[in-house]
file query_29.txt (compact mmCIF, C-alpha atoms (C1' of nucleotides))
# COMPACT_ATOMS: atom_id res chain seq x y z
CA MET W 1 -15.52 31.79 -31.35
CA PRO W 2 -12.29 33.68 -31.93
CA LYS W 3 -12.71 37.35 -32.79
CA ASP W 4 -12.37 38.56 -36.39
CA THR W 5 -9.06 40.11 -35.49
CA PHE W 6 -7.72 36.61 -35.01
CA LEU W 7 -9.32 35.15 -38.11
CA ASN W 8 -7.77 37.92 -40.22
CA LEU W 9 -4.29 37.01 -39.05
CA SER W 10 -1.77 35.43 -41.40
CA GLU W 11 -1.92 31.65 -41.55
CA GLU W 12 1.58 31.53 -40.13
CA LYS W 13 0.64 33.50 -37.04
CA LYS W 14 -2.62 31.65 -36.55
CA LYS W 15 -0.74 28.37 -36.67
CA ARG W 16 1.84 29.61 -34.19
CA ILE W 17 -0.91 30.46 -31.72
CA PHE W 18 -2.74 27.21 -32.40
CA ASP W 19 0.42 25.20 -31.80
CA ALA W 20 1.17 27.08 -28.61
CA ALA W 21 -2.30 26.37 -27.29
CA VAL W 22 -2.09 22.70 -28.27
CA GLN W 23 1.17 22.42 -26.39
CA GLU W 24 -0.23 23.97 -23.24
CA PHE W 25 -3.50 22.02 -23.22
CA SER W 26 -1.62 18.79 -23.80
CA GLU W 27 0.48 19.37 -20.72
CA ARG W 28 -2.14 20.69 -18.34
CA ARG W 29 -5.84 20.05 -17.89
CA PHE W 30 -8.13 22.81 -19.08
CA SER W 31 -8.56 24.06 -15.52
CA ASP W 32 -4.82 24.22 -14.97
CA ALA W 33 -3.75 25.50 -18.36
CA SER W 34 -2.33 29.00 -18.37
CA ILE W 35 -3.01 31.77 -20.84
CA ASN W 36 0.30 33.32 -19.83
CA GLN W 37 2.03 30.14 -20.92
CA ILE W 38 0.21 30.11 -24.23
CA VAL W 39 1.21 33.67 -25.11
CA LYS W 40 4.78 32.90 -24.08
CA ASN W 41 4.84 29.78 -26.28
CA ALA W 42 3.33 31.69 -29.18
CA GLY W 43 5.58 34.69 -28.74
CA ILE W 44 2.72 37.15 -28.76
CA PRO W 45 1.97 39.89 -26.25
CA LYS W 46 -0.59 39.25 -23.58
CA GLY W 47 -2.77 42.09 -24.82
CA SER W 48 -2.98 40.52 -28.24
CA PHE W 49 -4.41 37.32 -26.85
CA TYR W 50 -7.41 39.19 -25.55
CA GLN W 51 -7.65 40.96 -28.87
CA TYR W 52 -8.01 37.53 -30.49
CA PHE W 53 -10.03 35.48 -28.00
CA GLU W 54 -12.61 36.14 -25.33
CA ASP W 55 -10.96 33.89 -22.77
CA LYS W 56 -9.58 30.41 -22.16
CA GLU W 57 -12.84 28.66 -23.08
CA ASP W 58 -12.90 30.54 -26.35
CA ILE W 59 -9.50 29.37 -27.51
CA TYR W 60 -10.19 25.84 -26.25
CA LEU W 61 -13.32 25.55 -28.36
CA TYR W 62 -11.44 26.89 -31.38
CA LEU W 63 -8.77 24.29 -30.73
CA ALA W 64 -11.28 21.48 -30.40
CA GLU W 65 -12.81 22.39 -33.72
CA GLU W 66 -9.50 22.62 -35.56
CA MET W 67 -8.29 19.37 -34.04
CA SER W 68 -11.41 17.51 -34.97
CA LYS W 69 -10.98 18.62 -38.61
CA ASP W 70 -7.46 17.26 -38.44
CA ILE W 71 -8.50 14.04 -36.75
CA HIS W 72 -11.31 13.24 -39.13
CA ILE W 73 -8.75 13.07 -41.90
CA MET W 74 -6.71 10.55 -39.96
CA ILE W 75 -9.36 8.19 -38.64
CA GLU W 76 -12.43 6.77 -40.26
CA PRO W 77 -15.85 7.48 -38.70
CA PHE W 78 -17.73 4.78 -36.84
CA ASN W 79 -18.74 1.90 -39.05
CA PRO W 80 -22.49 1.43 -38.60
CA ASN W 81 -22.03 -2.32 -38.94
CA ASP W 82 -19.63 -2.49 -36.03
CA SER W 83 -21.05 -3.47 -32.69
CA PHE W 84 -20.57 -1.14 -29.74
CA PHE W 85 -17.67 -3.28 -28.61
CA GLU W 86 -15.95 -3.15 -31.96
CA SER W 87 -16.56 0.59 -32.14
CA VAL W 88 -14.82 1.21 -28.83
CA ILE W 89 -11.81 -0.83 -29.90
CA GLN W 90 -11.73 0.88 -33.28
CA ARG W 91 -11.76 4.22 -31.53
CA ALA W 92 -8.91 3.13 -29.27
CA LYS W 93 -6.94 2.14 -32.36
CA GLY W 94 -7.80 5.54 -33.77
CA THR W 95 -6.47 7.18 -30.62
CA ILE W 96 -3.22 5.30 -31.06
CA LYS W 97 -3.04 6.37 -34.69
CA VAL W 98 -3.66 9.98 -33.76
CA GLY W 99 -1.16 9.60 -30.94
CA LYS W 100 1.50 8.61 -33.43
CA THR W 101 1.29 11.69 -35.62
CA ARG W 102 -0.28 14.11 -33.15
CA PRO W 103 0.58 12.87 -29.67
CA GLU W 104 -0.59 16.15 -28.16
CA TYR W 105 -4.10 15.66 -29.48
CA ALA W 106 -4.44 12.31 -27.77
CA LYS W 107 -3.02 13.82 -24.63
CA ILE W 108 -5.57 16.62 -24.69
CA GLY W 109 -8.38 14.09 -25.01
CA ALA W 110 -7.04 12.08 -22.11
CA LEU W 111 -6.74 15.14 -19.90
CA THR W 112 -10.43 15.94 -20.29
CA VAL W 113 -11.51 12.94 -18.26
CA ILE W 114 -9.71 14.15 -15.18
CA ASP W 115 -11.05 17.68 -15.34
CA ASN W 116 -14.17 18.39 -13.36
CA SER W 117 -14.84 21.95 -14.43
CA GLU W 118 -18.41 22.55 -15.59
CA PHE W 119 -17.13 23.58 -19.01
CA ILE W 120 -15.27 20.34 -19.65
CA LEU W 121 -17.98 18.16 -18.12
CA GLN W 122 -20.43 19.54 -20.63
CA LEU W 123 -18.09 18.85 -23.53
CA LEU W 124 -17.65 15.29 -22.29
CA ARG W 125 -21.36 14.77 -21.97
CA SER W 126 -21.97 15.72 -25.56
CA SER W 127 -19.11 13.59 -26.83
CA ASN W 128 -20.54 10.61 -24.93
CA ARG W 129 -23.88 11.01 -26.64
CA GLN W 130 -22.80 9.23 -29.80
CA TYR W 131 -21.73 6.17 -27.83
CA ILE W 132 -25.05 6.08 -26.03
CA GLU W 133 -26.72 6.02 -29.44
CA ILE W 134 -24.59 3.08 -30.55
CA ILE W 135 -25.51 1.14 -27.41
CA GLU W 136 -29.19 1.84 -27.88
CA ARG W 137 -28.93 0.71 -31.48
CA ASP W 138 -27.25 -2.52 -30.38
CA LYS W 139 -30.02 -3.14 -27.88
CA GLN W 140 -32.48 -3.01 -30.77
CA ARG W 141 -30.25 -5.29 -32.75
CA GLY W 142 -30.40 -7.83 -29.97
CA LEU W 143 -26.69 -7.56 -29.23
CA ILE W 144 -26.95 -5.86 -25.87
CA LYS W 145 -29.26 -6.65 -23.00
CA PRO W 146 -32.08 -4.12 -23.18
CA GLU W 147 -32.19 -3.53 -19.43
CA ILE W 148 -28.59 -2.23 -19.34
CA ASP W 149 -27.99 1.34 -18.12
CA SER W 150 -25.99 2.71 -21.04
CA GLU W 151 -24.84 5.75 -19.09
CA VAL W 152 -23.07 3.51 -16.63
CA VAL W 153 -21.42 1.52 -19.41
CA ILE W 154 -20.16 4.59 -21.18
CA LYS W 155 -18.93 6.30 -18.08
CA MET W 156 -16.98 3.25 -16.94
CA LEU W 157 -15.44 2.59 -20.32
CA TYR W 158 -14.85 6.16 -21.37
CA ILE W 159 -13.13 7.16 -18.19
CA TYR W 160 -11.15 3.96 -18.12
CA VAL W 161 -10.00 4.12 -21.72
CA PHE W 162 -8.67 7.66 -21.51
CA ASN W 163 -7.24 7.18 -18.07
CA GLU W 164 -5.33 4.18 -19.27
CA TYR W 165 -4.04 6.12 -22.24
CA LEU W 166 -2.79 8.78 -19.88
CA TYR W 167 -0.83 6.32 -17.80
CA SER W 168 0.16 3.70 -20.33
CA GLY W 169 2.27 6.39 -21.88
CA PHE W 170 3.93 5.36 -25.09
CA ASP W 171 3.32 1.67 -24.71
CA GLU W 172 0.73 1.20 -27.44
CA THR W 173 0.46 -2.56 -27.31
CA ARG W 174 -0.10 -2.46 -23.57
CA TYR W 175 -2.73 0.21 -24.02
CA LEU W 176 -4.63 -1.67 -26.69
CA LYS W 177 -4.49 -4.85 -24.66
CA LYS W 178 -5.90 -3.08 -21.60
CA VAL W 179 -8.70 -1.60 -23.65
CA GLU W 180 -9.50 -4.96 -25.16
CA ASN W 181 -9.55 -6.47 -21.69
CA ALA W 182 -11.88 -3.75 -20.50
CA VAL W 183 -14.22 -4.20 -23.45
CA GLN W 184 -14.21 -7.95 -22.96
CA ILE W 185 -15.09 -7.51 -19.30
CA ILE W 186 -17.95 -5.18 -20.09
CA LYS W 187 -19.10 -7.57 -22.80
CA GLN W 188 -18.93 -10.88 -21.00
CA GLY W 189 -18.58 -9.99 -17.34
CA ILE W 190 -16.09 -11.51 -15.01
CA ALA W 191 -18.20 -14.03 -13.13
CA VAL W 192 -17.69 -17.71 -13.75
CA ARG W 193 -20.86 -19.01 -15.35
CA GLN W 194 -22.71 -21.43 -13.12
CA ASP W 195 -24.34 -23.51 -15.83
CA MET G 1 3.89 13.27 10.17
CA PRO G 2 2.94 16.47 11.96
CA LYS G 3 5.68 18.01 14.05
CA ASP G 4 5.71 17.63 17.84
CA THR G 5 4.70 21.24 18.16
CA PHE G 6 1.38 20.28 16.62
CA LEU G 7 0.90 17.11 18.62
CA ASN G 8 1.47 19.07 21.86
CA LEU G 9 -1.35 21.44 21.03
CA SER G 10 -4.61 21.39 22.99
CA GLU G 11 -7.23 18.99 21.68
CA GLU G 12 -9.44 21.96 20.93
CA LYS G 13 -6.87 23.63 18.70
CA LYS G 14 -5.90 20.39 17.00
CA LYS G 15 -9.54 19.76 16.20
CA ARG G 16 -9.98 23.26 14.85
CA ILE G 17 -7.09 22.74 12.44
CA PHE G 18 -8.26 19.25 11.53
CA ASP G 19 -11.75 20.54 10.75
CA ALA G 20 -10.39 23.39 8.68
CA ALA G 21 -8.29 20.99 6.62
CA VAL G 22 -11.21 18.60 6.17
CA GLN G 23 -13.31 21.46 4.90
CA GLU G 24 -10.72 22.57 2.38
CA PHE G 25 -9.87 19.11 1.08
CA SER G 26 -13.57 18.30 0.71
CA GLU G 27 -14.07 21.32 -1.52
CA ARG G 28 -10.92 21.13 -3.64
CA ARG G 29 -8.77 18.29 -4.91
CA PHE G 30 -5.46 17.85 -3.16
CA SER G 31 -3.68 19.65 -6.00
CA ASP G 32 -6.01 22.62 -5.82
CA ALA G 33 -6.41 22.83 -2.07
CA SER G 34 -4.89 25.92 -0.50
CA ILE G 35 -2.88 26.13 2.69
CA ASN G 36 -3.85 29.78 2.91
CA GLN G 37 -7.48 28.72 3.00
CA ILE G 38 -6.81 26.16 5.70
CA VAL G 39 -5.11 28.64 8.00
CA LYS G 40 -7.91 31.12 7.38
CA ASN G 41 -10.55 28.49 8.22
CA ALA G 42 -8.65 27.45 11.32
CA GLY G 43 -7.97 31.00 12.43
CA ILE G 44 -4.27 30.40 12.89
CA PRO G 45 -1.38 32.44 11.50
CA LYS G 46 0.37 31.25 8.39
CA GLY G 47 3.65 30.89 10.23
CA SER G 48 2.09 28.53 12.73
CA PHE G 49 1.03 26.13 10.01
CA TYR G 50 4.63 25.59 9.05
CA GLN G 51 5.48 25.22 12.71
CA TYR G 52 2.99 22.32 12.83
CA PHE G 53 3.34 20.63 9.43
CA GLU G 54 6.01 20.19 6.81
CA ASP G 55 3.73 20.99 3.91
CA LYS G 56 0.42 20.14 2.26
CA GLU G 57 1.24 16.44 1.89
CA ASP G 58 2.05 16.27 5.57
CA ILE G 59 -1.30 17.56 6.75
CA TYR G 60 -3.12 15.45 4.16
CA LEU G 61 -1.54 12.26 5.44
CA TYR G 62 -2.38 13.26 9.01
CA LEU G 63 -5.94 13.86 7.89
CA ALA G 64 -6.18 10.54 6.11
CA GLU G 65 -5.04 8.73 9.22
CA GLU G 66 -7.45 10.53 11.53
CA MET G 67 -10.33 10.05 9.13
CA SER G 68 -9.68 6.37 8.75
CA LYS G 69 -9.81 5.97 12.55
CA ASP G 70 -13.15 7.71 12.47
CA ILE G 71 -14.44 5.71 9.54
CA HIS G 72 -13.49 2.35 10.93
CA ILE G 73 -15.82 3.00 13.81
CA MET G 74 -18.68 3.70 11.42
CA ILE G 75 -18.31 0.92 8.89
CA GLU G 76 -17.51 -2.71 9.32
CA PRO G 77 -14.40 -4.14 7.59
CA PHE G 78 -14.72 -6.36 4.54
CA ASN G 79 -16.46 -9.63 5.32
CA PRO G 80 -14.15 -12.41 4.10
CA ASN G 81 -17.19 -14.45 3.06
CA ASP G 82 -18.45 -11.73 0.75
CA SER G 83 -17.62 -12.06 -2.91
CA PHE G 84 -15.80 -9.23 -4.62
CA PHE G 85 -19.10 -8.00 -5.99
CA GLU G 86 -20.76 -7.96 -2.59
CA SER G 87 -17.71 -6.26 -1.12
CA VAL G 88 -17.92 -3.40 -3.60
CA ILE G 89 -21.58 -2.86 -2.89
CA GLN G 90 -21.00 -3.07 0.85
CA ARG G 91 -18.31 -0.46 0.51
CA ALA G 92 -20.64 1.78 -1.48
CA LYS G 93 -23.21 1.43 1.29
CA GLY G 94 -20.43 2.29 3.71
CA THR G 95 -19.66 5.40 1.70
CA ILE G 96 -23.28 6.44 1.94
CA LYS G 97 -23.27 5.82 5.67
CA VAL G 98 -20.12 7.87 6.09
CA GLY G 99 -21.61 10.48 3.81
CA LYS G 100 -24.56 10.87 6.13
CA THR G 101 -22.61 11.70 9.26
CA ARG G 102 -19.38 12.95 7.66
CA PRO G 103 -20.26 14.15 4.17
CA GLU G 104 -16.87 15.84 3.84
CA TYR G 105 -15.05 12.53 4.28
CA ALA G 106 -16.90 10.96 1.40
CA LYS G 107 -16.28 14.06 -0.67
CA ILE G 108 -12.55 13.88 0.02
CA GLY G 109 -12.49 10.26 -1.11
CA ALA G 110 -14.34 11.11 -4.29
CA LEU G 111 -12.00 13.97 -5.09
CA THR G 112 -8.99 11.67 -5.06
CA VAL G 113 -10.05 9.91 -8.23
CA ILE G 114 -9.89 13.09 -10.25
CA ASP G 115 -6.50 14.16 -9.01
CA ASN G 116 -3.51 13.12 -11.06
CA SER G 117 -0.71 14.34 -8.85
CA GLU G 118 1.95 11.70 -8.17
CA PHE G 119 1.23 11.94 -4.46
CA ILE G 120 -2.44 11.10 -4.79
CA LEU G 121 -1.88 8.46 -7.46
CA GLN G 122 0.34 6.58 -5.07
CA LEU G 123 -2.24 6.74 -2.29
CA LEU G 124 -4.86 5.41 -4.70
CA ARG G 125 -2.66 2.60 -5.81
CA SER G 126 -2.15 1.35 -2.29
CA SER G 127 -5.84 1.65 -1.47
CA ASN G 128 -6.65 -0.43 -4.56
CA ARG G 129 -4.38 -3.18 -3.42
CA GLN G 130 -6.91 -4.70 -1.04
CA TYR G 131 -9.49 -5.00 -3.81
CA ILE G 132 -6.98 -6.74 -6.01
CA GLU G 133 -6.46 -9.25 -3.23
CA ILE G 134 -10.18 -9.89 -2.97
CA ILE G 135 -10.41 -10.51 -6.70
CA GLU G 136 -7.48 -12.90 -6.64
CA ARG G 137 -9.08 -14.73 -3.75
CA ASP G 138 -12.35 -15.04 -5.68
CA LYS G 139 -10.45 -16.44 -8.65
CA GLN G 140 -9.17 -19.18 -6.40
CA ARG G 141 -12.66 -19.71 -5.06
CA GLY G 142 -13.88 -20.26 -8.58
CA LEU G 143 -16.12 -17.21 -8.54
CA ILE G 144 -14.16 -15.09 -11.00
CA LYS G 145 -12.65 -16.12 -14.32
CA PRO G 146 -8.95 -16.72 -13.66
CA GLU G 147 -7.83 -15.01 -16.87
CA ILE G 148 -9.35 -11.66 -15.86
CA ASP G 149 -7.03 -8.65 -15.52
CA SER G 150 -7.89 -7.52 -12.01
CA GLU G 151 -6.18 -4.17 -12.44
CA VAL G 152 -8.57 -3.31 -15.23
CA VAL G 153 -11.58 -4.36 -13.17
CA ILE G 154 -10.54 -2.31 -10.19
CA LYS G 155 -9.66 0.75 -12.16
CA MET G 156 -12.97 0.76 -14.01
CA LEU G 157 -15.05 0.18 -10.92
CA TYR G 158 -13.08 2.29 -8.49
CA ILE G 159 -12.99 5.34 -10.67
CA TYR G 160 -16.60 4.90 -11.65
CA VAL G 161 -17.90 4.42 -8.15
CA PHE G 162 -16.25 7.55 -6.77
CA ASN G 163 -16.96 9.59 -9.84
CA GLU G 164 -20.60 8.72 -9.58
CA TYR G 165 -20.63 9.66 -5.92
CA LEU G 166 -19.19 13.01 -6.86
CA TYR G 167 -21.91 13.74 -9.36
CA SER G 168 -24.90 11.92 -7.86
CA GLY G 169 -24.65 14.45 -5.08
CA PHE G 170 -27.08 13.84 -2.27
CA ASP G 171 -29.23 11.34 -4.12
CA GLU G 172 -28.27 8.20 -2.26
CA THR G 173 -30.75 5.83 -3.84
CA ARG G 174 -29.65 6.92 -7.30
CA TYR G 175 -26.03 6.43 -6.33
CA LEU G 176 -26.55 2.96 -4.92
CA LYS G 177 -28.55 1.95 -7.95
CA LYS G 178 -25.81 3.14 -10.30
CA VAL G 179 -23.18 1.25 -8.33
CA GLU G 180 -25.31 -1.88 -8.37
CA ASN G 181 -25.75 -1.50 -12.11
CA ALA G 182 -22.01 -1.12 -12.56
CA VAL G 183 -21.24 -4.15 -10.44
CA GLN G 184 -23.84 -6.19 -12.29
CA ILE G 185 -22.31 -5.17 -15.62
CA ILE G 186 -18.83 -6.12 -14.50
CA LYS G 187 -20.21 -9.37 -13.12
CA GLN G 188 -22.37 -10.52 -15.99
CA GLY G 189 -21.36 -8.37 -18.92
CA ILE G 190 -23.77 -6.62 -21.19
CA ALA G 191 -23.78 -8.91 -24.21
CA VAL G 192 -26.85 -10.95 -24.96
CA ARG G 193 -25.87 -14.57 -24.55
CA GLN G 194 -25.96 -16.47 -27.80
CA ASP G 195 -26.84 -19.92 -26.44
C1' DT Z 1 13.70 36.78 39.63
C1' DG Z 2 16.33 36.02 35.58
C1' DA Z 3 17.90 33.26 31.65
C1' DC Z 4 16.99 30.41 28.08
C1' DA Z 5 14.26 27.59 25.14
C1' DA Z 6 9.93 26.81 22.82
C1' DT Z 7 6.32 28.68 20.42
C1' DA Z 8 3.50 32.27 18.03
C1' DT Z 9 3.03 35.66 14.64
C1' DG Z 10 2.19 38.32 10.45
C1' DA Z 11 4.76 41.02 7.28
C1' DC Z 12 7.23 39.85 3.46
C1' DC Z 13 9.27 37.23 -0.55
C1' DT Z 14 9.03 35.21 -5.14
C1' DG Z 15 6.37 33.77 -8.62
C1' DG Z 16 2.17 32.64 -10.54
C1' DT Z 17 -2.75 33.74 -12.32
C1' DG Z 18 -6.60 36.21 -15.47
C1' DG Z 19 -7.53 40.45 -17.13
C1' DT Z 20 -7.22 45.76 -18.47
C1' DC Z 21 -5.80 49.86 -20.67
C1' DA Z 22 -3.28 53.94 -22.32
C1' DT Z 23 -0.31 54.43 -25.79
C1' DA Z 24 2.14 53.25 -30.07
C1' DT Z 25 1.95 51.48 -34.56
C1' DT Z 26 -0.04 50.30 -38.88
C1' DA Z 27 -3.57 50.05 -42.50
C1' DT Z 28 -7.22 52.38 -44.99
C1' DA Z 29 -9.54 55.65 -47.48
C1' DA Z 30 -10.47 60.77 -48.69
C1' DT D 1 -1.02 64.12 -47.17
C1' DT D 2 -3.98 63.68 -43.59
C1' DA D 3 -7.59 61.98 -40.71
C1' DT D 4 -9.51 57.93 -38.91
C1' DA D 5 -10.11 53.38 -37.77
C1' DA D 6 -7.97 48.89 -36.68
C1' DT D 7 -4.52 46.53 -34.40
C1' DA D 8 -0.41 45.73 -31.41
C1' DT D 9 1.82 46.13 -27.15
C1' DG D 10 3.65 45.46 -22.50
C1' DA D 11 3.30 47.72 -18.20
C1' DC D 12 0.15 47.34 -14.79
C1' DC D 13 -3.72 45.72 -11.64
C1' DA D 14 -5.66 42.83 -8.04
C1' DC D 15 -5.35 38.57 -6.30
C1' DC D 16 -3.66 34.12 -5.23
C1' DA D 17 -0.18 30.51 -4.19
C1' DG D 18 3.67 28.25 -1.09
C1' DG D 19 7.12 29.37 1.90
C1' DT D 20 10.45 32.21 5.13
C1' DC D 21 12.01 34.81 8.93
C1' DA D 22 12.91 38.43 12.38
C1' DT D 23 10.61 39.57 16.21
C1' DA D 24 7.32 39.05 20.05
C1' DT D 25 5.32 36.18 23.42
C1' DT D 26 5.04 32.46 26.54
C1' DG D 27 6.70 28.46 29.26
C1' DT D 28 10.26 26.24 32.02
C1' DC D 29 13.49 25.65 35.34
C1' DA D 30 17.48 27.23 38.48
call {"tool": "encode", "arguments": {"input": "query_29.txt", "output": "structure tokens"}}
result
Amino acid sequence: MPKDTFLNLSEEKKKRIFDAAVQEFSERRFSDASINQIVKNAGIPKGSFYQYFEDKEDIYLYLAEEMSKDIHIMIEPFNPNDSFFESVIQRAKGTIKVGKTRPEYAKIGALTVIDNSEFILQLLRSSNRQYIEIIERDKQRGLIKPEIDSEVVIKMLYIYVFNEYLYSGFDETRYLKKVENAVQIIKQGIAVRQD
Amino acid sequence: MPKDTFLNLSEEKKKRIFDAAVQEFSERRFSDASINQIVKNAGIPKGSFYQYFEDKEDIYLYLAEEMSKDIHIMIEPFNPNDSFFESVIQRAKGTIKVGKTRPEYAKIGALTVIDNSEFILQLLRSSNRQYIEIIERDKQRGLIKPEIDSEVVIKMLYIYVFNEYLYSGFDETRYLKKVENAVQIIKQGIAVRQD
DNA sequence: TGACAATATGACCTGGTGGTCATATTATAA
DNA sequence: TTATAATATGACCACCAGGTCATATTGTCA
């Protein structure tokens, strides 16, 4: 949580700092991101940064919260009627949509999957939880084989989907196609059926 | 390629430097690994390092070559009769085997998948190529659906398998089980068949 | 032995990091 | 107006990175 000193700042200044942080975290993974760079981008003195935030984690969490407010306006929440497979594709479409108006946000998301700091791993774990729930629900619905290890499914898909976003770059149709391929593979497998 | 000055060194000294580099690269990703740390581990002066190697990439490539000599003694090459699925599991078992006698080697491999430097990405790409070939072969054999995007398959599995190794830690049975689960999912899919 | 080349060495360079702190400035209230 | 509290500021700290280079040491051969 940012300190009160930060929260009391003018909206203009808060936004300047927010934007500077977004820029930095969209270019470098959390582990590699530099506070020096953020203060330079924001045009504030180094000392002020520590007057506003505890440390890098602090500003990152603030960022995450602000971004998620922003994102929730842009993309609709999971539709409970959608299957797990549809949900993943919907979310990929959401990522593309976010990427169009806020490319940095999508970039920040993508960079999390290649960060192995304890801090980021924990964030990832909690963001995966909702997908696990969807899979479990679909098992009950009789859509997904009950014996499936949902952790494995999520990890494969999640890492893949963001990784692909990172390297597909601006090519949205390619990205969506890759994600659809991945989902199809997870759904149906790749083995030829020996009926 | 190391400089001649390095190659002319005594076996003892070469090994000391090799070991020091292995240690460093097994603890930190290529991008994060420190030459300073390597020279400290090896007990050689900083200046000597640059007398032996061009830079970090140079020593990494040397390492990779030496390690692969070592590894090829420990694990058998892909069996051409094995399906893609069996090959992946065999390779996972190989990783465990390597991990038992040379835990650092397996760690180095695992760390590659979370490095996004151009240098490492290129290495990964070329090491994926052989899996792509196996998949294409299995398509011809009628084992794998011909319409499958093999790049997607490889990327999902490859990243997953090493990632899991990184976080399963020493728990080999857990690791192998997760890999088998992943392979099974890729093979058969997770959807309940609506016959 | 002496001359020259090859090698070894660590101090040093530039530039980066996260973080601190004494001081200056500004806002607040008596 | 004055005293006090809140905030702003950038120089500074210790530490790390990759890389260089003048000098010292060692090996080689005539």
call {"tool": "closest_atom_pairs", "arguments": {"input": "query_29.txt", "of": "chain W", "to": "chain D", "cutoff": "10 Å", "atoms": "all atoms listed in the file", "output": "CSV"}}
result
residue,atom,partner,partner_atom,distance
W:Thr5,CA,D:DT7,C1',7.9
W:Ile44,CA,D:DT9,C1',9.2
W:Pro45,CA,D:DT9,C1',6.3
W:Lys46,CA,D:DG10,C1',7.6
W:Gly47,CA,D:DT9,C1',6.5
W:Ser48,CA,D:DA8,C1',6.6
W:Gln51,CA,D:DT7,C1',8.5
call {"tool": "write_last_selection", "arguments": {"input": "query_29.txt", "atoms": "C-alpha atoms", "output": "mmCIF file, in the frame of the given file"}}
result
data_model
loop_
_atom_site.group_PDB
_atom_site.id
_atom_site.type_symbol
_atom_site.label_atom_id
_atom_site.label_comp_id
_atom_site.auth_asym_id
_atom_site.auth_seq_id
_atom_site.Cartn_x
_atom_site.Cartn_y
_atom_site.Cartn_z
ATOM 1 C CA THR W 5 -9.060 40.110 -35.490
ATOM 2 C CA ILE W 44 2.720 37.150 -28.760
ATOM 3 C CA PRO W 45 1.970 39.890 -26.250
ATOM 4 C CA LYS W 46 -0.590 39.250 -23.580
ATOM 5 C CA GLY W 47 -2.770 42.090 -24.820
ATOM 6 C CA SER W 48 -2.980 40.520 -28.240
ATOM 7 C CA GLN W 51 -7.650 40.960 -28.870
#
call {"tool": "interface_residues", "arguments": {"input": "query_29.txt", "of": "chain Z", "to": "chain W", "cutoff": "12 Å", "atoms": "all atoms listed in the file", "output": "list in words"}}
result
DG16, DT17, DG18, DG19, DT20 and DC21 of chain Z
call {"tool": "interface_residues", "arguments": {"input": "query_29.txt", "of": "chain G", "to": "chain W", "cutoff": "10 Å", "atoms": "all atoms listed in the file", "output": "JSON, numbers by chain"}}
result
{"G": [32, 85, 111, 113, 114, 115, 116, 138, 139, 142, 143, 144, 145, 146, 147, 148, 149, 150, 151, 152, 153, 155, 156, 157, 158, 159, 160, 161, 163, 164, 166, 167, 178, 179, 181, 182, 183, 184, 185, 186, 187, 188, 189, 190, 191, 192, 193, 194]}
call {"tool": "atom_distance", "arguments": {"input": "query_29.txt", "atom1": "CA of Glu65 (chain W)", "atom2": "CA of Met1 (chain W)"}}
result
10.1 Å
call {"tool": "residues_around", "arguments": {"input": "query_29.txt", "residues": "Ala33 (chain G)", "least_positions_apart": "3", "cutoff": "12 Å", "atoms": "all atoms listed in the file", "output": "PyMOL selection string"}}
result
(chain G and resi 20-30+36-39+55-57+59-60+108+111-112+115) or (chain D and resi 17-18)
call {"tool": "atom_distance", "arguments": {"input": "query_29.txt", "atom1": "CA of Gly169 (chain W)", "atom2": "CA of Leu61 (chain W)"}}
result
25.5 Å
call {"tool": "axis_aligned_box", "arguments": {"input": "query_29.txt", "around": "region 81-96 of chain G", "padding_each_side": "6 Å", "output": "lines of an AutoDock Vina configuration file"}}
result
center_x = -19.5
center_y = -4.0
center_z = -1.1
size_x = 19.5
size_y = 32.9
size_z = 21.7
call {"tool": "residues_near_point", "arguments": {"input": "query_29.txt", "point": "(-0.3, 0.9, -25.7)", "cutoff": "12 Å", "atoms": "all atoms listed in the file", "output": "ChimeraX atom specification"}}
result
/W:92-97,99-100,161-162,164-180
call {"tool": "write_last_selection", "arguments": {"input": "query_29.txt", "atoms": "C-alpha atoms", "output": "CSV table (one decimal), in the frame of the given file"}}
result
chain,number,residue,atom,x,y,z
W,92,ALA,CA,-8.9,3.1,-29.3
W,93,LYS,CA,-6.9,2.1,-32.4
W,94,GLY,CA,-7.8,5.5,-33.8
W,95,THR,CA,-6.5,7.2,-30.6
W,96,ILE,CA,-3.2,5.3,-31.1
W,97,LYS,CA,-3.0,6.4,-34.7
W,99,GLY,CA,-1.2,9.6,-30.9
W,100,LYS,CA,1.5,8.6,-33.4
W,161,VAL,CA,-10.0,4.1,-21.7
W,162,PHE,CA,-8.7,7.7,-21.5
W,164,GLU,CA,-5.3,4.2,-19.3
W,165,TYR,CA,-4.0,6.1,-22.2
W,166,LEU,CA,-2.8,8.8,-19.9
W,167,TYR,CA,-0.8,6.3,-17.8
W,168,SER,CA,0.2,3.7,-20.3
W,169,GLY,CA,2.3,6.4,-21.9
W,170,PHE,CA,3.9,5.4,-25.1
W,171,ASP,CA,3.3,1.7,-24.7
W,172,GLU,CA,0.7,1.2,-27.4
W,173,THR,CA,0.5,-2.6,-27.3
W,174,ARG,CA,-0.1,-2.5,-23.6
W,175,TYR,CA,-2.7,0.2,-24.0
W,176,LEU,CA,-4.6,-1.7,-26.7
W,177,LYS,CA,-4.5,-4.8,-24.7
W,178,LYS,CA,-5.9,-3.1,-21.6
W,179,VAL,CA,-8.7,-1.6,-23.6
W,180,GLU,CA,-9.5,-5.0,-25.2
